[in-house]
>>> print(open('data.cif').read())   # mmCIF, C-alpha atoms and all ligand atoms
data_protein
#
loop_
_atom_site.group_PDB
_atom_site.id
_atom_site.type_symbol
_atom_site.label_atom_id
_atom_site.label_comp_id
_atom_site.auth_asym_id
_atom_site.auth_seq_id
_atom_site.Cartn_x
_atom_site.Cartn_y
_atom_site.Cartn_z
ATOM 1 C CA MET K 1 -84.672 -13.321 25.616
ATOM 2 C CA ILE K 2 -81.587 -12.486 23.548
ATOM 3 C CA GLY K 3 -80.878 -8.766 23.639
ATOM 4 C CA SER K 4 -79.243 -6.465 21.130
ATOM 5 C CA TYR K 5 -76.217 -4.179 21.023
ATOM 6 C CA GLU K 6 -78.638 -1.253 21.243
ATOM 7 C CA GLU K 7 -80.137 -2.602 24.479
ATOM 8 C CA VAL K 8 -76.717 -2.923 26.094
ATOM 9 C CA LEU K 9 -75.740 0.576 24.928
ATOM 10 C CA ALA K 10 -79.028 1.911 26.310
ATOM 11 C CA SER K 11 -78.191 0.249 29.652
ATOM 12 C CA LEU K 12 -74.809 2.002 29.603
ATOM 13 C CA LYS K 13 -76.306 5.408 28.882
ATOM 14 C CA ASP K 14 -75.949 7.856 31.791
ATOM 15 C CA VAL K 15 -74.406 5.282 34.169
ATOM 16 C CA SER K 16 -71.795 6.633 36.548
ATOM 17 C CA SER K 17 -70.589 3.371 38.121
ATOM 18 C CA VAL K 18 -70.141 -0.067 36.536
ATOM 19 C CA LEU K 19 -68.653 -3.351 37.737
ATOM 20 C CA VAL K 20 -67.443 -5.703 35.012
ATOM 21 C CA CYS K 21 -67.345 -9.351 36.097
ATOM 22 C CA THR K 22 -66.403 -12.566 34.365
ATOM 23 C CA HIS K 23 -66.169 -16.320 34.926
ATOM 24 C CA VAL K 24 -64.196 -18.300 37.498
ATOM 25 C CA ALA K 25 -60.659 -19.221 36.490
ATOM 26 C CA PRO K 26 -60.642 -16.293 34.057
ATOM 27 C CA ASP K 27 -58.809 -16.832 30.779
ATOM 28 C CA ALA K 28 -57.457 -14.346 28.235
ATOM 29 C CA ASP K 29 -60.871 -13.744 26.623
ATOM 30 C CA ALA K 30 -62.578 -13.262 29.989
ATOM 31 C CA LEU K 31 -60.043 -10.733 31.245
ATOM 32 C CA GLY K 32 -59.312 -9.174 27.865
ATOM 33 C CA SER K 33 -63.012 -8.458 27.277
ATOM 34 C CA ALA K 34 -63.686 -7.324 30.840
ATOM 35 C CA GLY K 35 -60.477 -5.283 30.971
ATOM 36 C CA ALA K 36 -61.054 -3.447 27.696
ATOM 37 C CA LEU K 37 -64.660 -2.636 28.586
ATOM 38 C CA ALA K 38 -63.839 -1.363 32.085
ATOM 39 C CA TYR K 39 -60.809 0.564 30.829
ATOM 40 C CA LEU K 40 -62.688 2.454 28.113
ATOM 41 C CA LEU K 41 -65.676 3.125 30.362
ATOM 42 C CA ALA K 42 -63.290 4.527 32.981
ATOM 43 C CA LYS K 43 -61.605 6.651 30.301
ATOM 44 C CA SER K 44 -65.013 8.078 29.398
ATOM 45 C CA GLY K 45 -65.510 9.207 33.001
ATOM 46 C CA VAL K 46 -67.479 6.270 34.415
ATOM 47 C CA ASP K 47 -66.337 4.744 37.699
ATOM 48 C CA ALA K 48 -65.709 1.335 36.091
ATOM 49 C CA LYS K 49 -63.741 -1.569 37.531
ATOM 50 C CA VAL K 50 -63.197 -5.234 36.806
ATOM 51 C CA ALA K 51 -64.427 -7.352 39.741
ATOM 52 C CA ILE K 52 -63.151 -10.926 40.009
ATOM 53 C CA GLY K 53 -63.003 -13.451 42.825
ATOM 54 C CA GLU K 54 -59.411 -14.508 42.211
ATOM 55 C CA THR K 55 -56.134 -12.824 41.389
ATOM 56 C CA VAL K 56 -55.291 -11.994 37.782
ATOM 57 C CA PRO K 57 -53.247 -14.877 36.265
ATOM 58 C CA GLU K 58 -49.566 -14.002 36.207
ATOM 59 C CA LYS K 59 -49.099 -14.077 32.439
ATOM 60 C CA LEU K 60 -52.154 -11.854 31.787
ATOM 61 C CA SER K 61 -51.372 -9.272 34.441
ATOM 62 C CA PRO K 62 -48.923 -7.077 32.434
ATOM 63 C CA LEU K 63 -51.623 -6.421 29.817
ATOM 64 C CA LEU K 64 -54.100 -5.528 32.576
ATOM 65 C CA ALA K 65 -51.688 -3.176 34.331
ATOM 66 C CA LYS K 66 -53.779 -0.093 33.499
ATOM 67 C CA VAL K 67 -57.130 -1.674 34.433
ATOM 68 C CA GLN K 68 -58.540 -1.236 37.910
ATOM 69 C CA VAL K 69 -59.335 -4.677 39.362
ATOM 70 C CA VAL K 70 -61.160 -5.293 42.645
ATOM 71 C CA HIS K 71 -61.768 -8.595 44.416
ATOM 72 C CA GLU K 72 -64.613 -7.692 46.754
ATOM 73 C CA VAL K 73 -68.192 -6.542 46.326
ATOM 74 C CA PRO K 74 -68.228 -2.766 46.968
ATOM 75 C CA LYS K 75 -70.170 -1.412 49.923
ATOM 76 C CA SER K 76 -72.011 1.223 47.911
ATOM 77 C CA ASN K 77 -74.469 0.709 45.066
ATOM 78 C CA VAL K 78 -73.421 0.635 41.434
ATOM 79 C CA ASP K 79 -75.559 1.552 38.434
ATOM 80 C CA LEU K 80 -74.782 -1.550 36.439
ATOM 81 C CA VAL K 81 -73.110 -4.965 36.602
ATOM 82 C CA ILE K 82 -71.852 -6.437 33.332
ATOM 83 C CA ALA K 83 -70.720 -10.063 33.182
ATOM 84 C CA VAL K 84 -68.677 -10.959 30.101
ATOM 85 C CA ASP K 85 -67.819 -14.404 28.660
ATOM 86 C CA THR K 86 -69.936 -16.081 31.354
ATOM 87 C CA ALA K 87 -72.449 -18.695 30.215
ATOM 88 C CA THR K 88 -74.295 -19.285 33.486
ATOM 89 C CA GLU K 89 -74.911 -17.310 36.667
ATOM 90 C CA PRO K 90 -73.027 -19.742 38.974
ATOM 91 C CA ARG K 91 -69.954 -19.358 36.708
ATOM 92 C CA VAL K 92 -69.567 -15.677 37.705
ATOM 93 C CA SER K 93 -66.530 -15.463 39.986
ATOM 94 C CA MET K 94 -68.226 -12.933 42.300
ATOM 95 C CA PRO K 95 -71.241 -13.602 44.561
ATOM 96 C CA MET K 96 -74.146 -12.711 42.261
ATOM 97 C CA ALA K 97 -76.682 -12.403 45.103
ATOM 98 C CA GLU K 98 -74.534 -9.657 46.651
ATOM 99 C CA LEU K 99 -74.021 -7.985 43.277
ATOM 100 C CA ARG K 100 -77.761 -7.964 42.604
ATOM 101 C CA ALA K 101 -78.262 -6.357 46.018
ATOM 102 C CA ILE K 102 -76.104 -3.362 45.034
ATOM 103 C CA SER K 103 -77.198 -3.075 41.394
ATOM 104 C CA SER K 104 -80.630 -2.911 39.837
ATOM 105 C CA LYS K 105 -79.496 -4.326 36.499
ATOM 106 C CA VAL K 106 -77.207 -7.104 35.271
ATOM 107 C CA VAL K 107 -76.053 -7.317 31.649
ATOM 108 C CA ASN K 108 -74.479 -10.451 30.161
ATOM 109 C CA VAL K 109 -72.246 -10.275 27.058
ATOM 110 C CA ASP K 110 -71.161 -13.713 25.871
ATOM 111 C CA HIS K 111 -70.522 -16.099 22.976
ATOM 112 C CA HIS K 112 -71.046 -19.512 24.624
ATOM 113 C CA ILE K 113 -73.639 -21.648 22.869
ATOM 114 C CA SER K 114 -74.508 -23.067 26.316
ATOM 115 C CA ASN K 115 -75.472 -19.597 27.663
ATOM 116 C CA THR K 116 -78.608 -19.872 29.804
ATOM 117 C CA ILE K 117 -79.772 -16.270 29.116
ATOM 118 C CA TRP K 118 -79.552 -15.630 32.831
ATOM 119 C CA ALA K 119 -79.158 -11.844 33.184
ATOM 120 C CA ASP K 120 -81.576 -8.905 32.761
ATOM 121 C CA VAL K 121 -80.112 -7.993 29.349
ATOM 122 C CA ASN K 122 -78.369 -10.756 27.405
ATOM 123 C CA LEU K 123 -76.222 -9.965 24.378
ATOM 124 C CA ILE K 124 -75.322 -13.487 23.250
ATOM 125 C CA VAL K 125 -73.599 -13.857 19.877
ATOM 126 C CA SER K 126 -72.666 -17.525 19.557
ATOM 127 C CA GLU K 127 -71.111 -17.030 16.093
ATOM 128 C CA ALA K 128 -68.498 -14.707 17.621
ATOM 129 C CA ALA K 129 -65.078 -16.338 17.983
ATOM 130 C CA ALA K 130 -64.527 -14.604 21.317
ATOM 131 C CA SER K 131 -66.382 -12.363 23.730
ATOM 132 C CA ALA K 132 -63.686 -9.828 22.838
ATOM 133 C CA GLN K 133 -65.152 -9.675 19.323
ATOM 134 C CA ILE K 134 -68.602 -8.802 20.730
ATOM 135 C CA VAL K 135 -67.183 -6.245 23.159
ATOM 136 C CA PHE K 136 -65.223 -4.617 20.302
ATOM 137 C CA GLU K 137 -68.401 -4.328 18.213
ATOM 138 C CA LEU K 138 -70.253 -2.921 21.227
ATOM 139 C CA LEU K 139 -67.554 -0.311 21.864
ATOM 140 C CA LYS K 140 -67.508 0.729 18.194
ATOM 141 C CA ARG K 141 -71.292 1.045 18.062
ATOM 142 C CA GLY K 142 -71.153 3.024 21.312
ATOM 143 C CA GLY K 143 -68.789 5.556 19.740
ATOM 144 C CA PHE K 144 -65.844 4.709 22.002
ATOM 145 C CA ARG K 145 -62.381 5.341 20.574
ATOM 146 C CA VAL K 146 -60.603 2.005 21.032
ATOM 147 C CA CYS K 147 -57.065 2.952 22.099
ATOM 148 C CA SER K 148 -54.005 0.688 21.956
ATOM 149 C CA THR K 149 -54.430 -0.472 25.566
ATOM 150 C CA ALA K 150 -58.000 -1.660 24.921
ATOM 151 C CA ALA K 151 -57.058 -3.035 21.490
ATOM 152 C CA ASN K 152 -54.282 -5.168 23.005
ATOM 153 C CA LEU K 153 -56.696 -6.549 25.608
ATOM 154 C CA LEU K 154 -59.332 -7.406 22.989
ATOM 155 C CA TYR K 155 -56.723 -8.899 20.659
ATOM 156 C CA MET K 156 -55.470 -11.023 23.571
ATOM 157 C CA GLY K 157 -58.971 -12.483 24.012
ATOM 158 C CA LEU K 158 -59.479 -13.089 20.313
ATOM 159 C CA LEU K 159 -56.048 -14.660 19.873
ATOM 160 C CA ASP K 160 -56.480 -17.052 22.767
ATOM 161 C CA ASP K 161 -60.076 -18.137 22.081
ATOM 162 C CA THR K 162 -59.214 -18.934 18.444
ATOM 163 C CA GLY K 163 -56.157 -20.936 19.517
ATOM 164 C CA SER K 164 -53.990 -18.352 17.777
ATOM 165 C CA PHE K 165 -56.333 -18.505 14.756
ATOM 166 C CA ARG K 166 -55.945 -22.278 14.447
ATOM 167 C CA PHE K 167 -59.472 -23.328 15.498
ATOM 168 C CA SER K 168 -62.655 -23.554 13.427
ATOM 169 C CA ASN K 169 -63.916 -20.296 14.966
ATOM 170 C CA ALA K 170 -61.117 -18.403 13.166
ATOM 171 C CA SER K 171 -63.685 -17.016 10.723
ATOM 172 C CA SER K 172 -63.181 -14.191 8.253
ATOM 173 C CA ASP K 173 -64.983 -11.987 10.797
ATOM 174 C CA ALA K 174 -62.434 -12.989 13.426
ATOM 175 C CA PHE K 175 -59.581 -12.057 11.074
ATOM 176 C CA ARG K 176 -61.303 -8.768 10.174
ATOM 177 C CA CYS K 177 -61.706 -8.055 13.885
ATOM 178 C CA ALA K 178 -57.987 -8.788 14.417
ATOM 179 C CA ALA K 179 -57.036 -6.483 11.534
ATOM 180 C CA GLU K 180 -59.167 -3.680 12.942
ATOM 181 C CA LEU K 181 -57.645 -4.165 16.393
ATOM 182 C CA VAL K 182 -54.153 -3.907 14.870
ATOM 183 C CA ASP K 183 -55.320 -0.688 13.184
ATOM 184 C CA CYS K 184 -56.361 0.510 16.668
ATOM 185 C CA GLY K 185 -52.846 -0.124 17.960
ATOM 186 C CA ALA K 186 -52.847 -3.782 19.092
ATOM 187 C CA LYS K 187 -49.374 -5.342 18.905
ATOM 188 C CA PRO K 188 -49.672 -9.065 17.928
ATOM 189 C CA ASP K 189 -46.002 -9.785 18.676
ATOM 190 C CA ALA K 190 -46.172 -8.253 22.152
ATOM 191 C CA VAL K 191 -49.413 -10.070 23.019
ATOM 192 C CA ALA K 192 -48.082 -13.422 21.732
ATOM 193 C CA GLU K 193 -44.826 -12.912 23.611
ATOM 194 C CA GLN K 194 -46.824 -12.368 26.799
ATOM 195 C CA LEU K 195 -49.294 -15.256 26.328
ATOM 196 C CA TYR K 196 -47.115 -17.954 24.780
ATOM 197 C CA PHE K 197 -43.436 -17.152 25.191
ATOM 198 C CA SER K 198 -43.392 -16.088 28.826
ATOM 199 C CA LEU K 199 -44.327 -19.380 30.484
ATOM 200 C CA PRO K 200 -43.127 -20.069 33.994
ATOM 201 C CA PHE K 201 -40.793 -23.100 34.051
ATOM 202 C CA ARG K 202 -43.268 -25.002 36.262
ATOM 203 C CA GLU K 203 -45.859 -24.836 33.483
ATOM 204 C CA LEU K 204 -43.472 -26.637 31.126
ATOM 205 C CA GLN K 205 -42.714 -29.180 33.859
ATOM 206 C CA ILE K 206 -46.446 -29.906 34.075
ATOM 207 C CA ARG K 207 -46.583 -30.452 30.309
ATOM 208 C CA ALA K 208 -43.618 -32.828 30.550
ATOM 209 C CA HIS K 209 -45.382 -34.773 33.333
ATOM 210 C CA ALA K 210 -48.649 -34.852 31.379
ATOM 211 C CA LEU K 211 -46.926 -36.204 28.252
ATOM 212 C CA THR K 212 -45.783 -39.264 30.170
ATOM 213 C CA ASN K 213 -49.393 -40.377 30.702
ATOM 214 C CA LEU K 214 -50.818 -39.562 27.278
ATOM 215 C CA ASN K 215 -53.209 -42.342 26.243
ATOM 216 C CA ILE K 216 -54.764 -43.068 22.867
ATOM 217 C CA LEU K 217 -58.125 -44.824 23.216
ATOM 218 C CA LEU K 218 -61.168 -45.965 21.221
ATOM 219 C CA ASP K 219 -59.212 -47.253 18.220
ATOM 220 C CA GLY K 220 -57.041 -44.170 17.980
ATOM 221 C CA ARG K 221 -59.921 -41.696 18.004
ATOM 222 C CA LEU K 222 -59.542 -40.259 21.505
ATOM 223 C CA ALA K 223 -56.386 -38.812 23.072
ATOM 224 C CA MET K 224 -56.497 -38.421 26.822
ATOM 225 C CA LEU K 225 -54.132 -37.177 29.483
ATOM 226 C CA SER K 226 -54.367 -36.135 33.080
ATOM 227 C CA VAL K 227 -52.648 -34.117 35.765
ATOM 228 C CA SER K 228 -53.051 -35.143 39.389
ATOM 229 C CA SER K 229 -52.961 -32.854 42.404
ATOM 230 C CA GLU K 230 -49.725 -34.550 43.422
ATOM 231 C CA MET K 231 -48.180 -33.707 40.055
ATOM 232 C CA LEU K 232 -49.144 -30.056 40.527
ATOM 233 C CA ARG K 233 -47.763 -30.025 44.050
ATOM 234 C CA GLU K 234 -44.427 -31.499 42.959
ATOM 235 C CA ALA K 235 -43.978 -28.806 40.310
ATOM 236 C CA GLY K 236 -45.214 -26.030 42.613
ATOM 237 C CA ALA K 237 -47.881 -25.355 39.974
ATOM 238 C CA THR K 238 -51.544 -24.327 40.070
ATOM 239 C CA ALA K 239 -54.561 -25.031 37.866
ATOM 240 C CA GLU K 240 -53.658 -21.925 35.872
ATOM 241 C CA ASP K 241 -50.426 -23.627 34.761
ATOM 242 C CA THR K 242 -52.342 -26.482 33.081
ATOM 243 C CA GLU K 243 -54.050 -24.347 30.453
ATOM 244 C CA GLY K 244 -52.022 -25.524 27.435
ATOM 245 C CA VAL K 245 -52.067 -29.205 28.368
ATOM 246 C CA VAL K 246 -55.208 -30.163 26.448
ATOM 247 C CA ASP K 247 -53.545 -28.998 23.209
ATOM 248 C CA ILE K 248 -50.902 -31.697 23.638
ATOM 249 C CA ALA K 249 -53.640 -34.326 23.443
ATOM 250 C CA ARG K 250 -55.363 -32.430 20.656
ATOM 251 C CA SER K 251 -52.215 -32.489 18.524
ATOM 252 C CA VAL K 252 -51.990 -36.288 18.130
ATOM 253 C CA SER K 253 -52.361 -37.334 14.493
ATOM 254 C CA GLY K 254 -55.447 -39.338 13.563
ATOM 255 C CA THR K 255 -57.436 -38.520 16.710
ATOM 256 C CA LYS K 256 -60.944 -37.054 16.530
ATOM 257 C CA ALA K 257 -61.108 -35.644 20.050
ATOM 258 C CA ALA K 258 -59.048 -34.886 23.119
ATOM 259 C CA VAL K 259 -59.695 -34.966 26.851
ATOM 260 C CA PHE K 260 -57.611 -33.400 29.588
ATOM 261 C CA MET K 261 -58.437 -34.338 33.177
ATOM 262 C CA ARG K 262 -57.258 -32.295 36.147
ATOM 263 C CA GLU K 263 -57.751 -33.568 39.678
ATOM 264 C CA LEU K 264 -59.918 -31.502 42.047
ATOM 265 C CA SER K 265 -60.476 -32.060 45.769
ATOM 266 C CA ASP K 266 -63.668 -34.017 45.038
ATOM 267 C CA GLY K 267 -63.358 -35.216 41.460
ATOM 268 C CA TRP K 268 -61.936 -34.187 38.115
ATOM 269 C CA LYS K 269 -62.207 -31.115 35.888
ATOM 270 C CA LEU K 270 -62.435 -32.139 32.251
ATOM 271 C CA SER K 271 -61.471 -30.117 29.198
ATOM 272 C CA LEU K 272 -62.933 -31.587 26.013
ATOM 273 C CA ARG K 273 -61.843 -30.782 22.475
ATOM 274 C CA SER K 274 -63.369 -31.920 19.178
ATOM 275 C CA LYS K 275 -61.297 -32.127 16.007
ATOM 276 C CA ASP K 276 -64.260 -32.872 13.729
ATOM 277 C CA ALA K 277 -67.274 -30.605 13.257
ATOM 278 C CA ALA K 278 -69.546 -33.686 13.352
ATOM 279 C CA LEU K 279 -68.594 -34.226 16.988
ATOM 280 C CA ASP K 280 -70.181 -31.779 19.463
ATOM 281 C CA VAL K 281 -68.233 -31.904 22.731
ATOM 282 C CA GLN K 282 -70.564 -29.306 24.252
ATOM 283 C CA ALA K 283 -73.297 -31.973 24.142
ATOM 284 C CA ILE K 284 -70.972 -34.432 25.905
ATOM 285 C CA ALA K 285 -70.064 -31.847 28.558
ATOM 286 C CA ALA K 286 -73.774 -31.112 29.060
ATOM 287 C CA GLN K 287 -74.390 -34.776 29.997
ATOM 288 C CA PHE K 288 -72.217 -34.076 33.052
ATOM 289 C CA GLY K 289 -73.619 -30.631 33.855
ATOM 290 C CA GLY K 290 -70.907 -28.750 31.967
ATOM 291 C CA GLY K 291 -70.977 -26.580 28.838
ATOM 292 C CA GLY K 292 -69.004 -24.523 26.373
ATOM 293 C CA HIS K 293 -68.766 -24.622 22.599
ATOM 294 C CA THR K 294 -69.167 -27.308 19.909
ATOM 295 C CA MET K 295 -65.415 -27.749 19.492
ATOM 296 C CA ALA K 296 -64.283 -26.915 23.055
ATOM 297 C CA ALA K 297 -66.141 -27.577 26.278
ATOM 298 C CA GLY K 298 -65.634 -28.423 29.928
ATOM 299 C CA ALA K 299 -67.268 -30.244 32.807
ATOM 300 C CA LYS K 300 -66.621 -31.479 36.309
ATOM 301 C CA ILE K 301 -67.197 -35.118 37.244
ATOM 302 C CA VAL K 302 -67.142 -36.415 40.802
ATOM 303 C CA GLY K 303 -65.382 -39.737 41.432
ATOM 304 C CA SER K 304 -62.043 -41.522 41.297
ATOM 305 C CA GLN K 305 -59.826 -41.228 38.228
ATOM 306 C CA ALA K 306 -60.815 -44.717 37.039
ATOM 307 C CA GLU K 307 -64.546 -43.981 37.474
ATOM 308 C CA VAL K 308 -64.356 -40.629 35.719
ATOM 309 C CA GLU K 309 -62.245 -42.057 32.898
ATOM 310 C CA SER K 310 -64.675 -44.873 32.219
ATOM 311 C CA LYS K 311 -67.661 -42.470 32.226
ATOM 312 C CA ILE K 312 -66.079 -40.023 29.807
ATOM 313 C CA VAL K 313 -64.668 -42.701 27.500
ATOM 314 C CA GLU K 314 -68.123 -44.308 27.309
ATOM 315 C CA ALA K 315 -69.691 -40.918 26.499
ATOM 316 C CA PHE K 316 -67.173 -40.375 23.689
ATOM 317 C CA LYS K 317 -67.697 -43.919 22.399
ATOM 318 C CA GLN K 318 -71.424 -43.229 22.019
ATOM 319 C CA ALA K 319 -70.848 -39.766 20.553
ATOM 320 C CA PHE K 320 -68.387 -41.127 17.966
ATOM 321 C CA THR K 321 -70.938 -43.747 16.926
ATOM 322 C CA ALA K 322 -73.731 -41.160 16.730
ATOM 323 C CA ALA K 323 -71.514 -38.860 14.652
ATOM 324 C CA GLY K 324 -70.452 -41.707 12.349
ATOM 325 C CA LEU K 325 -66.786 -41.263 13.281
HETATM 326 MN MN MN M 1 -64.532 -16.721 25.411
#
>>> encode(input="data.cif", output="structure tokens")
Amino acid sequence: MIGSYEEVLASLKDVSSVLVCTHVAPDADALGSAGALAYLLAKSGVDAKVAIGETVPEKLSPLLAKVQVVHEVPKSNVDLVIAVDTATEPRVSMPMAELRAISSKVVNVDHHISNTIWADVNLIVSEAAASAQIVFELLKRGGFRVCSTAANLLYMGLLDDTGSFRFSNASSDAFRCAAELVDCGAKPDAVAEQLYFSLPFRELQIRAHALTNLNILLDGRLAMLSVSSEMLREAGATAEDTEGVVDIARSVSGTKAAVFMRELSDGWKLSLRSKDAALDVQAIAAQFGGGGHTMAAGAKIVGSQAEVESKIVEAFKQAFTAAGL
């Protein structure tokens, strides 16, 4: 059942310890939402921490400097676990079985249309451009004073999930949310500098590599590129450094969709982007056990590059036909 803001606020009432989790390979919205929530809860006297399985990505870490982040399940019980921006239970980057053992309640705050309503309380607002937008609304309704540190974190999530306000989810509500966050002290130039103008050189090397194998398929409708493990190794890069690559494919004129493939140990991780509202890439991702949003989704497919490519191209071919594109 989909819960309400009031239910989440009721769950937060009188808690003294909270762990805020998010999804694997956390992005700016995941850590911005989790960071702001944990930071303001901690400021209000709650023992609140962000708990993630991996380290904080390098370019996000300066904005999370004031947030307490742990990487292990605590030994003692906590009153509440909150997972933000996480559509399914297996996507949580911490062992959920262990978290359930130390907490009697799990709250999920998310905006993915593919959310499986998996927690005890589920605040799912699929119209929200970012989980940060939902967390901001929650904090306002809860009477928290959103300071500049929290505002920067929330703005970071909103900025990144809207593709710097270039995607179809850049609604008037998203812009209103941004304006309010600036009123709360968020600094758009500082956040943009950190997210987009502080790239490690290896990340640009990966983009250069990826550009050399950009393919245009299905009569110009689909742009596709890939990054192999070898490519990453050569540049001394990690998966985190491939985040902007799909936008290269997305930017090709005349295309209706983009696919970025990254090699895994046992297959390929696919990032799918739609450029036309008639094409739902979430539905394509779901065919392969993945999920996400209508215009941006992801999935993992096991197999060789050639096998995975032919499967995904076929899926797009059918989807284009079904969408009349
Ligand atoms: Mn998000």
>>> closest_residue(input="data.cif", among="K:Ala237, K:Ala258, K:Ala129, K:Ala83", to="ligand MN 1 (chain M)", atoms="all atoms listed in the file")
K:Ala129
>>> resolve_selection(input="data.cif", expression="the PyMOL selection byres (((chain K and resi 84) around 7) and not hetatm)", output="number ranges by chain")
K: 21-22, 30, 33-34, 82-83, 85-86, 108-110, 131
>>> closest_residue(input="data.cif", among="K:Asn213, K:Ser114, K:Ser168, K:Thr238", to="Ser274 of chain K", atoms="all atoms listed in the file")
K:Ser168
>>> closest_residue(input="data.cif", among="K:Val78, K:Lys13, K:Ala87, K:Gly185", to="Ala101 of chain K", atoms="all atoms listed in the file")
K:Val78
>>> resolve_selection(input="data.cif", expression="the PyMOL selection byres (((chain K and resi 5-7) around 10) and not hetatm)", output="list in words")
Gly3, Ser4, Val8, Leu9, Ala10, Ser11, Leu12, Lys13, Val107, Val109, Val121, Asn122, Leu123, Ile124, Ile134, Val135, Glu137, Leu138, Leu139, Arg141 and Gly142 of chain K
>>> closest_atom_pairs(input="data.cif", of="segment 55-80 of chain K", to="segment 45-49 of chain K", cutoff="8 Å", atoms="all atoms listed in the file", output="CSV")
residue,atom,partner,partner_atom,distance
K:Val67,CA,K:Lys49,CA,7.3
K:Gln68,CA,K:Lys49,CA,5.2
K:Val69,CA,K:Lys49,CA,5.7
K:Val70,CA,K:Lys49,CA,6.8
>>> residues_around(input="data.cif", residues="segment 144-149 of chain K", least_positions_apart="4", cutoff="12 Å", atoms="all atoms listed in the file", output="PyMOL selection string")
chain K and resi 9+32-33+35-45+62-67+135-140+153-156+180-188+190-191
>>> resolve_selection(input="data.cif", expression="the PyMOL selection byres (((chain K and resi 247) around 12) and not hetatm)", output="number ranges by chain")
K: 163-164, 166-167, 207, 210-211, 214, 223-225, 242-246, 248-252, 257-260, 271-275, 296
>>> residues_around(input="data.cif", residues="Met231 of chain K", least_positions_apart="4", cutoff="9 Å", atoms="only C-alpha atoms", output="list in words")
Ile206, His209, Ala210, Val227, Ala235, Gly236 and Ala237 of chain K
>>> closest_residue(input="data.cif", among="K:Lys317, K:Ala130, K:Val56, K:Asn77", to="ligand MN 1 (chain M)", atoms="all atoms listed in the file")
K:Ala130
